[in-house]
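Novice: This is the content of protein35.csv (CSV, C-alpha atoms):
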chain,number,residue,atom,x,y,z
R,79,MET,CA,-11.5,35.6,-18.2
R,80,PRO,CA,-10.4,35.1,-21.8
R,81,SER,CA,-13.0,36.6,-24.2
R,82,SER,CA,-12.2,34.2,-27.1
R,83,LEU,CA,-10.7,30.8,-27.9
R,84,GLU,CA,-7.7,32.6,-29.4
R,85,THR,CA,-7.0,34.6,-26.3
R,86,LEU,CA,-7.4,31.4,-24.2
R,87,LEU,CA,-4.8,29.6,-26.4
R,88,GLN,CA,-2.4,32.5,-26.0
R,89,ARG,CA,-2.7,32.6,-22.2
R,90,LYS,CA,-2.9,29.0,-21.1
R,91,LYS,CA,-0.4,26.2,-20.9
R,92,VAL,CA,-2.9,23.4,-20.0
R,93,LEU,CA,-6.4,22.9,-21.4
R,94,ILE,CA,-8.9,20.3,-20.2
R,95,LEU,CA,-11.8,19.5,-22.5
R,96,LEU,CA,-15.0,18.2,-21.0
R,97,GLY,CA,-18.3,17.1,-22.5
R,98,ALA,CA,-21.0,14.5,-22.8
R,99,GLY,CA,-20.7,11.5,-25.1
R,100,GLY,CA,-21.8,12.2,-28.7
R,101,VAL,CA,-21.3,15.9,-28.8
R,102,GLY,CA,-18.1,15.8,-30.9
R,103,LYS,CA,-15.7,16.5,-28.0
R,104,THR,CA,-12.9,14.5,-29.4
R,105,SER,CA,-13.2,16.2,-32.8
R,106,CYS,CA,-13.3,19.6,-31.1
R,107,SER,CA,-10.2,18.6,-29.0
R,108,VAL,CA,-8.2,17.9,-32.1
R,109,ALA,CA,-9.6,21.1,-33.8
R,110,VAL,CA,-8.6,23.2,-30.8
R,111,ALA,CA,-5.1,21.7,-30.8
R,112,LEU,CA,-4.8,22.3,-34.5
R,113,ARG,CA,-5.9,25.9,-34.0
R,114,ALA,CA,-3.2,26.4,-31.4
R,115,ALA,CA,-0.6,24.9,-33.7
R,116,ALA,CA,-1.8,27.3,-36.4
R,117,LEU,CA,-1.0,30.2,-34.0
R,118,GLY,CA,2.6,29.0,-33.9
R,119,LYS,CA,2.3,26.9,-30.7
R,120,LYS,CA,4.1,23.6,-30.0
R,121,VAL,CA,1.1,21.5,-28.8
R,122,ALA,CA,0.8,18.2,-27.1
R,123,LEU,CA,-2.6,16.5,-27.3
R,124,LEU,CA,-3.5,13.6,-24.9
R,125,SER,CA,-6.7,11.6,-25.5
R,126,ILE,CA,-8.3,9.1,-23.2
R,127,ASP,CA,-11.4,8.9,-25.4
R,128,PRO,CA,-12.7,5.3,-25.0
R,129,ALA,CA,-13.9,5.3,-28.7
R,130,LYS,CA,-10.3,5.7,-29.9
R,131,ARG,CA,-11.5,8.0,-32.7
R,132,LEU,CA,-8.5,10.4,-32.2
R,133,ALA,CA,-5.9,7.7,-33.0
R,134,SER,CA,-7.6,6.7,-36.2
R,135,ALA,CA,-8.2,10.2,-37.4
R,136,LEU,CA,-4.6,11.3,-36.8
R,137,GLY,CA,-2.9,8.1,-37.8
R,138,ILE,CA,-1.3,7.4,-34.4
R,139,GLU,CA,-1.0,4.2,-32.4
R,140,LEU,CA,-2.3,3.4,-28.9
R,141,GLY,CA,0.4,4.0,-26.3
R,142,GLY,CA,1.9,6.6,-24.0
R,143,THR,CA,4.3,8.1,-26.6
R,144,LEU,CA,3.6,11.4,-28.2
R,145,ARG,CA,3.9,11.2,-32.0
R,146,THR,CA,4.0,14.1,-34.4
R,147,VAL,CA,0.9,14.6,-36.6
R,148,GLU,CA,1.6,15.6,-40.2
R,149,VAL,CA,-0.3,18.8,-40.7
R,150,ALA,CA,0.0,21.0,-43.8
R,151,ASP,CA,0.5,24.8,-43.8
R,152,LEU,CA,1.5,25.3,-40.2
R,153,PRO,CA,3.7,28.3,-39.4
R,154,LYS,CA,7.4,27.7,-38.7
R,155,ASN,CA,7.0,27.2,-34.9
R,156,GLY,CA,3.7,25.4,-35.1
R,157,ARG,CA,3.6,21.7,-34.3
R,158,LEU,CA,1.1,19.1,-33.0
R,159,ASP,CA,2.2,15.9,-31.2
R,160,ALA,CA,-0.6,13.5,-30.0
R,161,ALA,CA,-0.9,10.4,-27.9
R,162,MET,CA,-3.8,8.0,-27.5
R,163,LEU,CA,-3.0,6.9,-24.0
R,164,ASP,CA,-2.8,3.3,-22.9
R,165,ALA,CA,-3.3,3.2,-19.1
R,166,LYS,CA,-0.9,0.3,-18.5
R,167,SER,CA,2.1,1.9,-20.3
R,168,VAL,CA,1.8,5.1,-18.2
R,169,PHE,CA,1.1,3.1,-15.0
R,170,ASP,CA,4.3,1.1,-15.7
R,171,SER,CA,6.3,4.2,-16.2
R,172,MET,CA,5.0,5.6,-12.8
R,173,VAL,CA,6.0,2.3,-11.1
R,174,GLN,CA,9.5,2.4,-12.7
R,175,ARG,CA,9.9,6.0,-11.5
R,176,TYR,CA,8.8,5.6,-7.9
R,177,ALA,CA,9.7,2.0,-7.0
R,178,PRO,CA,12.6,2.1,-4.4
R,179,ASP,CA,14.7,-0.5,-6.3
R,180,GLN,CA,14.7,-2.6,-9.4
R,181,ALA,CA,13.8,-5.8,-7.5
R,182,THR,CA,10.6,-4.2,-6.2
R,183,GLN,CA,9.9,-2.7,-9.6
R,184,ALA,CA,10.1,-6.2,-11.2
R,185,ARG,CA,7.9,-7.8,-8.6
R,186,ILE,CA,5.2,-5.2,-9.0
R,187,LEU,CA,5.2,-5.3,-12.8
R,188,SER,CA,5.1,-9.1,-12.8
R,189,ASN,CA,2.3,-9.3,-10.2
R,190,PRO,CA,-0.9,-10.7,-11.7
R,191,LEU,CA,-3.1,-8.3,-9.6
R,192,TYR,CA,-1.0,-5.4,-10.7
R,193,ARG,CA,-1.7,-6.3,-14.4
R,194,VAL,CA,-5.4,-6.2,-13.7
R,195,ALA,CA,-5.3,-3.1,-11.5
R,196,SER,CA,-3.2,-1.1,-14.1
R,197,THR,CA,-6.0,-1.5,-16.7
R,198,GLN,CA,-9.2,-2.2,-14.8
R,199,LEU,CA,-9.0,0.0,-11.6
R,200,VAL,CA,-11.8,2.6,-11.7
R,201,GLY,CA,-10.3,6.0,-12.6
R,202,CYS,CA,-7.0,4.5,-13.6
R,203,LEU,CA,-6.9,5.8,-17.2
R,204,GLU,CA,-8.0,9.3,-16.1
R,205,PHE,CA,-5.3,9.5,-13.4
R,206,MET,CA,-2.7,8.2,-15.8
R,207,ALA,CA,-3.7,10.9,-18.3
R,208,LEU,CA,-3.1,13.6,-15.7
R,209,ALA,CA,0.1,12.0,-14.6
R,210,LYS,CA,1.3,12.1,-18.3
R,211,LEU,CA,0.1,15.7,-18.5
R,212,GLN,CA,2.2,16.6,-15.4
R,213,GLU,CA,5.2,14.7,-16.8
R,214,ILE,CA,5.0,16.8,-20.1
R,215,GLN,CA,4.6,20.0,-18.1
R,216,ASP,CA,7.7,19.2,-16.0
R,217,LEU,CA,9.8,18.8,-19.1
R,218,GLY,CA,8.7,22.2,-20.4
R,219,GLU,CA,9.0,21.3,-24.1
R,220,TYR,CA,5.5,22.3,-25.1
R,221,ASP,CA,3.7,25.6,-25.2
R,222,LEU,CA,0.3,24.0,-24.6
R,223,VAL,CA,-0.9,20.6,-23.4
R,224,LEU,CA,-4.5,19.6,-24.1
R,225,VAL,CA,-6.3,16.6,-22.5
R,226,ASP,CA,-9.4,15.1,-24.2
R,227,THR,CA,-11.3,13.5,-21.3
R,228,PRO,CA,-13.8,10.7,-21.1
R,229,PRO,CA,-17.5,11.5,-21.4
R,230,ASP,CA,-19.6,13.2,-18.6
R,231,THR,CA,-18.8,12.9,-14.9
R,232,GLN,CA,-16.1,10.3,-15.4
R,233,ALA,CA,-14.0,13.3,-16.3
R,234,LEU,CA,-14.7,15.0,-13.0
R,235,GLN,CA,-14.0,12.0,-10.8
R,236,PHE,CA,-10.3,12.2,-11.4
R,237,LEU,CA,-10.3,16.0,-11.2
R,238,GLN,CA,-11.8,15.9,-7.7
R,239,SER,CA,-9.6,13.1,-6.4
R,240,PRO,CA,-6.7,12.2,-8.7
R,241,ASN,CA,-4.8,9.9,-6.3
R,242,ILE,CA,-6.9,6.7,-6.9
R,243,LEU,CA,-4.4,4.4,-5.1
R,244,ALA,CA,-4.3,6.6,-2.0
R,245,ASN,CA,-8.1,6.5,-1.9
R,246,PHE,CA,-8.1,2.8,-2.2
R,247,MET,CA,-5.5,2.3,0.5
R,248,GLU,CA,-7.3,4.7,2.9
R,249,LYS,CA,-10.0,2.1,3.5
R,250,ARG,CA,-9.7,0.8,7.0
R,251,VAL,CA,-10.0,-2.9,6.0
R,252,MET,CA,-7.1,-2.4,3.6
R,253,GLN,CA,-4.9,-0.9,6.3
R,254,TRP,CA,-5.9,-3.7,8.7
R,255,LEU,CA,-4.9,-6.3,6.2
R,256,VAL,CA,-1.7,-4.8,5.1
R,257,THR,CA,-0.2,-3.4,8.3
R,258,PRO,CA,1.3,-6.6,9.8
R,259,PHE,CA,2.7,-7.8,6.5
R,260,TYR,CA,4.1,-4.3,5.7
R,261,PHE,CA,6.0,-4.0,9.0
R,262,ALA,CA,7.2,-7.6,8.7
R,263,SER,CA,8.6,-7.0,5.3
R,264,LYS,CA,10.3,-3.8,6.6
R,265,LEU,CA,11.6,-5.1,9.9
R,266,GLY,CA,12.2,-8.8,9.1
R,267,LEU,CA,10.1,-9.9,12.1
R,268,GLY,CA,9.5,-13.6,11.5
R,269,ARG,CA,7.0,-14.0,14.3
R,270,LEU,CA,4.9,-11.1,13.1
R,271,ALA,CA,5.0,-12.6,9.6
R,272,ASN,CA,4.0,-16.0,10.9
R,273,TRP,CA,1.2,-14.5,12.8
R,274,GLY,CA,0.1,-12.6,9.7
R,275,GLU,CA,0.1,-15.8,7.7
R,276,LYS,CA,-2.1,-17.5,10.3
R,277,MET,CA,-4.5,-14.6,10.4
R,278,MET,CA,-4.8,-14.5,6.6
R,279,GLY,CA,-5.4,-18.3,6.5
R,280,ASN,CA,-8.2,-18.1,9.0
R,281,LEU,CA,-9.7,-15.0,7.2
R,282,ALA,CA,-9.5,-16.8,3.9
R,283,LYS,CA,-11.5,-19.7,5.3
R,284,VAL,CA,-14.2,-17.4,6.7
R,285,THR,CA,-14.5,-15.3,3.6
R,286,GLY,CA,-13.9,-18.0,1.0
R,287,PHE,CA,-11.5,-15.6,-0.7
R,288,HIS,CA,-8.5,-17.9,-1.3
R,289,ALA,CA,-6.6,-15.2,-3.3
R,290,LEU,CA,-6.5,-12.9,-0.2
R,291,ARG,CA,-2.8,-13.5,0.4
R,292,ALA,CA,-2.0,-12.6,-3.2
R,293,LEU,CA,-4.0,-9.4,-2.7
R,294,VAL,CA,-2.0,-8.5,0.4
R,295,ASP,CA,1.3,-9.3,-1.4
R,296,PHE,CA,0.3,-6.8,-4.0
R,297,LEU,CA,-0.8,-4.1,-1.5
R,298,VAL,CA,2.5,-4.5,0.4
R,299,LEU,CA,4.4,-4.1,-2.8
R,300,ILE,CA,2.4,-1.1,-4.0
R,301,GLN,CA,3.0,0.7,-0.7
R,302,ALA,CA,6.5,1.3,-1.9
R,303,VAL,CA,5.3,3.6,-4.7
R,304,MET,CA,2.4,5.2,-2.8
R,305,ASP,CA,4.4,8.2,-1.7
R,306,GLY,CA,5.4,8.9,-5.3
R,307,PHE,CA,1.8,8.7,-6.5
R,308,HIS,CA,0.7,11.0,-3.7
R,309,THR,CA,3.4,13.5,-4.6
R,310,ARG,CA,2.4,13.4,-8.2
R,311,SER,CA,-1.3,13.9,-7.4
R,312,LEU,CA,-0.5,17.0,-5.4
R,313,GLN,CA,1.5,18.4,-8.3
R,314,ILE,CA,-1.4,17.6,-10.6
R,315,LEU,CA,-3.9,19.5,-8.4
R,316,LYS,CA,-1.6,22.4,-8.1
R,317,THR,CA,-1.3,22.6,-11.9
R,318,LEU,CA,-5.0,22.3,-12.6
R,319,ARG,CA,-5.9,24.9,-10.0
R,320,GLY,CA,-3.1,27.3,-11.1
R,321,PRO,CA,-3.4,30.3,-13.5
R,322,ASP,CA,-1.9,28.4,-16.4
R,323,ALA,CA,-4.7,25.8,-16.6
R,324,GLY,CA,-8.1,26.3,-18.4
R,325,PHE,CA,-11.2,24.3,-18.9
R,326,LEU,CA,-13.4,24.1,-22.1
R,327,LEU,CA,-16.8,22.5,-22.1
R,328,VAL,CA,-18.1,21.0,-25.4
R,329,THR,CA,-21.8,20.5,-25.8
R,330,SER,CA,-24.5,20.7,-28.5
R,331,PRO,CA,-27.7,22.7,-28.5
R,332,HIS,CA,-30.0,19.7,-27.9
R,333,PRO,CA,-31.8,19.0,-24.6
R,334,PRO,CA,-30.0,15.8,-23.5
R,335,ALA,CA,-26.5,17.3,-24.2
R,336,LEU,CA,-27.5,20.5,-22.5
R,337,ARG,CA,-28.7,18.7,-19.4
R,338,ALA,CA,-25.4,16.8,-19.3
R,339,ALA,CA,-23.5,20.1,-19.7
R,340,GLU,CA,-25.4,21.7,-16.8
R,341,ASN,CA,-24.5,18.7,-14.7
R,342,LEU,CA,-20.8,19.0,-15.6
R,343,ILE,CA,-20.9,22.8,-14.9
R,344,HIS,CA,-22.4,22.1,-11.4
R,345,HIS,CA,-19.7,19.5,-10.6
R,346,LEU,CA,-16.9,21.7,-12.0
R,347,HIS,CA,-18.1,24.5,-9.7
R,348,GLN,CA,-18.3,22.2,-6.7
R,349,ALA,CA,-14.8,21.0,-7.3
R,350,ARG,CA,-13.6,24.7,-7.3
R,351,TYR,CA,-12.3,24.8,-10.9
R,352,THR,CA,-12.9,27.4,-13.5
R,353,LEU,CA,-14.8,27.3,-16.8
R,354,ASP,CA,-13.1,29.4,-19.5
R,355,GLY,CA,-15.2,28.6,-22.5
R,356,ILE,CA,-18.2,26.7,-23.9
R,357,ILE,CA,-18.2,25.3,-27.4
R,358,LEU,CA,-21.7,24.8,-28.8
R,359,ASN,CA,-21.0,22.2,-31.5
R,360,ARG,CA,-23.3,20.9,-34.3
R,361,CYS,CA,-25.3,24.1,-34.5
R,362,PHE,CA,-27.7,24.9,-37.4
R,363,PRO,CA,-25.9,26.5,-40.4
R,364,PHE,CA,-25.3,30.1,-39.7
R,365,SER,CA,-26.2,31.4,-43.1
R,366,LEU,CA,-29.8,30.0,-42.9
R,367,ARG,CA,-30.6,31.4,-39.4
R,368,GLU,CA,-31.6,34.9,-40.2
R,369,PRO,CA,-33.7,34.0,-43.3
R,370,LEU,CA,-35.6,31.4,-41.3
R,371,LEU,CA,-36.2,33.7,-38.4
R,372,SER,CA,-37.4,36.5,-40.6
R,373,LEU,CA,-40.2,34.4,-42.2
R,374,GLU,CA,-43.6,35.5,-40.9
R,375,SER,CA,-45.0,32.0,-41.5
R,376,PRO,CA,-43.2,28.9,-42.9
R,377,TRP,CA,-44.4,27.8,-46.3
R,378,SER,CA,-43.7,24.1,-45.7
R,379,PRO,CA,-43.5,21.7,-42.8
R,380,MET,CA,-39.7,21.2,-43.4
R,381,VAL,CA,-39.1,25.0,-43.3
R,382,GLY,CA,-41.2,25.1,-40.1
R,383,TYR,CA,-39.1,22.4,-38.5
R,384,MET,CA,-35.9,24.2,-39.4
R,385,ARG,CA,-37.2,27.5,-38.1
R,386,ALA,CA,-38.2,25.8,-34.8
R,387,ARG,CA,-34.8,24.3,-34.4
R,388,VAL,CA,-33.1,27.7,-34.8
R,389,GLN,CA,-35.4,29.2,-32.2
R,390,GLU,CA,-34.7,26.3,-29.8
R,391,GLU,CA,-31.0,26.6,-30.2
R,392,LYS,CA,-31.1,30.3,-29.4
R,393,LYS,CA,-33.3,29.6,-26.3
R,394,ALA,CA,-30.9,26.8,-25.2
R,395,GLN,CA,-27.9,29.0,-25.3
R,396,GLU,CA,-29.7,31.7,-23.3
R,397,LYS,CA,-30.8,29.2,-20.7
R,398,LEU,CA,-27.3,27.8,-20.4
R,399,GLN,CA,-25.9,31.3,-19.9
R,400,LYS,CA,-28.6,32.2,-17.4
R,401,ASN,CA,-27.9,29.1,-15.2
R,402,LEU,CA,-24.1,29.6,-15.0
R,403,PRO,CA,-22.7,30.1,-11.5
R,404,ASP,CA,-21.8,33.8,-10.8
R,405,THR,CA,-18.1,33.0,-10.7
R,406,PHE,CA,-18.2,31.5,-14.2
R,407,GLN,CA,-18.0,33.9,-17.2
R,408,PRO,CA,-17.0,31.7,-20.1
R,409,PHE,CA,-17.0,32.8,-23.7
R,410,PHE,CA,-19.4,31.0,-26.1
R,411,LEU,CA,-18.3,29.7,-29.4
R,412,GLU,CA,-20.8,28.2,-31.9
R,413,VAL,CA,-19.7,25.6,-34.5
R,414,GLU,CA,-21.8,24.6,-37.4
R,415,GLU,CA,-22.8,21.0,-37.9
R,416,GLN,CA,-20.3,19.4,-40.3
R,417,SER,CA,-21.5,18.0,-43.6
R,418,GLN,CA,-19.0,15.1,-43.5
R,419,VAL,CA,-17.5,12.7,-41.0
R,420,LEU,CA,-14.3,14.0,-39.6
R,421,VAL,CA,-12.0,11.1,-40.3
R,422,SER,CA,-8.9,12.9,-41.6
R,423,VAL,CA,-6.5,15.6,-40.6
R,424,GLU,CA,-7.7,17.8,-43.5
R,425,ALA,CA,-11.3,17.6,-42.4
R,426,LEU,CA,-10.3,18.4,-38.8
R,427,GLN,CA,-8.3,21.4,-40.1
R,428,ARG,CA,-11.4,22.8,-41.7
R,429,LEU,CA,-13.2,22.5,-38.4
R,430,SER,CA,-10.3,24.2,-36.6
R,431,GLN,CA,-10.6,27.2,-39.1
R,432,GLN,CA,-14.3,27.6,-37.9
R,433,LEU,CA,-13.0,27.9,-34.4
R,434,GLY,CA,-11.1,31.0,-35.5
Show me this structure written as C-alpha cells.
Specialist:
Amino acid sequence: MPSSLETLLQRKKVLILLGAGGVGKTSCSVAVALRAAALGKKVALLSIDPAKRLASALGIELGGTLRTVEVADLPKNGRLDAAMLDAKSVFDSMVQRYAPDQATQARILSNPLYRVASTQLVGCLEFMALAKLQEIQDLGEYDLVLVDTPPDTQALQFLQSPNILANFMEKRVMQWLVTPFYFASKLGLGRLANWGEKMMGNLAKVTGFHALRALVDFLVLIQAVMDGFHTRSLQILKTLRGPDAGFLLVTSPHPPALRAAENLIHHLHQARYTLDGIILNRCFPFSLREPLLSLESPWSPMVGYMRARVQEEKKAQEKLQKNLPDTFQPFFLEVEEQSQVLVSVEALQRLSQQLG
C-alpha cells in the first residue's frame, strides 16, 4: 500500500474520494488534485457534490465538459481540468453513443419520462460520474482522474452496483410489461401489439395508472441502449477494482464524522474495494498540541477545553486505526482546521501545500 499521499498520486491513475457531509471532502478533493498538478501531473477532477461548492471555488460552470482551472506556479507539465457534472448532459451523451440509430436516439431524448429519469433516477448522477470517468480513462489524455463523490453511503451505492438501468429493468414486473411490446417493435407482429395494447388498457383501468403506456414506450426505447450501459458498467467495475484505482476517505476527528467514516469503511470492505489513505481534516493546530499536552493542569477553562480536544483527537485516530479491517492498511494524513473559508483557488492551493 502507498505510504503517503505523494506516493499514491505517483502510482494511481484513478482516485475516488469518499466522506460524510460537512467534513470538507470537496475542499480536500480540490486540494489533492492541485497537489497532483504541482507534481507535474495532468489531472481531471470530476465532482458530483450536490452543494456545487467546487464549481464556485474554481470558477467553472455546471455541465459535463472539463474546463482548465487557472492555477499559478504549476510546473511545465502540471495542469488541472475540472467539471461539475450535470447528470442529464452525461446521460444524453451515453444515449447518443449507444442508441442503434438517430431516429431511436431522437425518440429517447424527446421522451418526457426520459427527461425525468435522466435527472431524478436514484443513483443516476453517481453512475454518470463513473461513466464520465471511464470515458476520460479510455481517451488516455490525463495522468490522473479524481472523482469527488456525494456524501456517505450514496457514494457506495453506485460503487456496488453501477448499472442502475439494468437493475431497474431486472424487476420481473418490468420484464412482464415490456416483453410483448419489445418483440412487437422488433418483429412487426401486429396481433401481438394489439394484444399488448389491450392488456395495457385493462391494466391501466385496474391500477389507475393512465400513464402506463407512456412508461412502457420509454422502457421499450431504452432497451436499445441497455447493452451499451451494461458494457460500460463492466468496464467501470474493472477499472475501479484494478491496480490503477485508489480510494481516499476524508473525515474529521469528531464523533459523528468518525462514526460515518467507520460505516463507509465497513461498506467499502464489503464491496471488495481497497482503502489507500485516510485524510483527517479540520484537526487542532499542530503547533499547539505538544504545549497543551505537556501542561500538568490547565490554568483556565478554555485551555482545559483545548487540551481535552487534542486528547480526544488522538484517541479518535487510534480507535479508527484499531477498527480497520485486516486487509486495509491506509496511510493517515492530518490537516489543520483552516482559518478562512476556502472560496478561491489560492486558498485551496494553501490547503494542498499542507497535504505535502
Novice: Just the number, please: distance in Å from CA of His344 (chain R) to CA of Phe406 (chain R), one decimal.
Specialist: 10.7 Å
Novice: List every residue of region 276-392 of chain R that has an atom at most 6 Å from any atom of region 91-94 of chain R, giving for each one its closest atom pair and the distance in Å to one decimal, counting only C-alpha atoms, sorted by chain and then by ascending residue number, as JSON lines.
Specialist:
{"residue": "R:Asp322", "atom": "CA", "partner": "R:Lys91", "partner_atom": "CA", "distance": 5.2}
{"residue": "R:Ala323", "atom": "CA", "partner": "R:Val92", "partner_atom": "CA", "distance": 4.5}
{"residue": "R:Gly324", "atom": "CA", "partner": "R:Leu93", "partner_atom": "CA", "distance": 4.8}
{"residue": "R:Phe325", "atom": "CA", "partner": "R:Ile94", "partner_atom": "CA", "distance": 4.8}
Novice: Using only C-alpha atoms for the distances, tell me which of R:Gly382, R:Pro369, R:Phe169, R:Leu336 is nearest to Lys397 (chain R).
Specialist: R:Leu336
Novice: Could you tell me how far CA of Leu123 (chain R) sits from CA of Ala207 (chain R), in Å to one decimal place?
Specialist: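 We find that CA of Ala207 (chain R) and CA of Leu123 (chain R) lie 10.7 Å from each other.
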Novice: With only C-alpha atoms as the atoms that count, which of R:Cys361, R:Ala209, R:Ala111, R:Ala394 lies nearest to Leu312 (chain R)?
Specialist: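 Among the listed residues, R:Ala209 lies closest to Leu312 (chain R).
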Novice: CA of Leu158 (chain R) and CA of Gly102 (chain R) are how many Å apart?
Specialist: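 Computing it gives 19.6 Å between the two atoms.
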Novice: Give the answer as one residue: which of R:Leu373, R:Gln407, R:Thr227, R:Val173 has the shortest atom-to-atom distance to Ser105 (chain R), using only C-alpha atoms?
Specialist: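 Distance minimum relative to Ser105 (chain R) lands on R:Thr227.
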Novice: Between R:Ala109, R:Ala184, R:Leu96, R:Leu211, which is the closest to Ile343 (chain R) once you count all atoms listed in the file?
Specialist: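 Under the stated criterion, the closest residue is R:Leu96.
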Novice: Pick the closest to Asp151 (chain R) from R:Gln88, R:Gln427, R:Gln395, R:Gln432: which is it, counting all atoms listed in the file?
Specialist: R:Gln427
Novice: Hey, what's within 10 Å of Arg113 (chain R) if we count only C-alpha atoms and toss same-chain stuff fewer than 6 positions away? As a list in words, please?
Specialist: Leu83, Glu84, Leu87, Ser107, Lys119, Val121, Leu152, Gly156, Leu158, Leu426, Gln427, Arg428, Leu429, Ser430, Gln431, Gln432, Leu433 and Gly434 of chain R
Novice: Looking at only C-alpha atoms, which of R:Leu203, R:Cys106, R:Leu95, R:Met304 is the one that sits closest to Leu346 (chain R)?
Specialist: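 So, comparing all the options, the nearest one is R:Leu95.
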Novice: Would you list the contacts of Phe364 (chain R) as a list of chain:residue names, taking every protein, DNA or RNA residue within 10 Å and counting all atoms listed in the file, but skipping same-chain residues closer than 2 positions in sequence?
Specialist: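 Contacts, in chain order: R:Cys361, R:Phe362, R:Leu366, R:Arg367, R:Glu368, R:Pro369, R:Val388, R:Glu412, R:Val413, R:Glu414, R:Glu415.
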Novice: Name the residues, using the chain letters and numbers of the file, that sit within 7 Å of (-1.9, 12.0, -26.8) when counting only C-alpha atoms, and give them as a ChimeraX atom specification.
Specialist: /R:122-125,144,160-163
Novice: Which residues are near Ser171 (chain R)? Cut-off 10 Å, all atoms listed in the file, ignore same chain within fewer than 3 positions. Put them as a list of chain:residue names.
Specialist: R:Gly142, R:Lys166, R:Ser167, R:Val168, R:Gln174, R:Arg175, R:Tyr176, R:Met206, R:Lys210
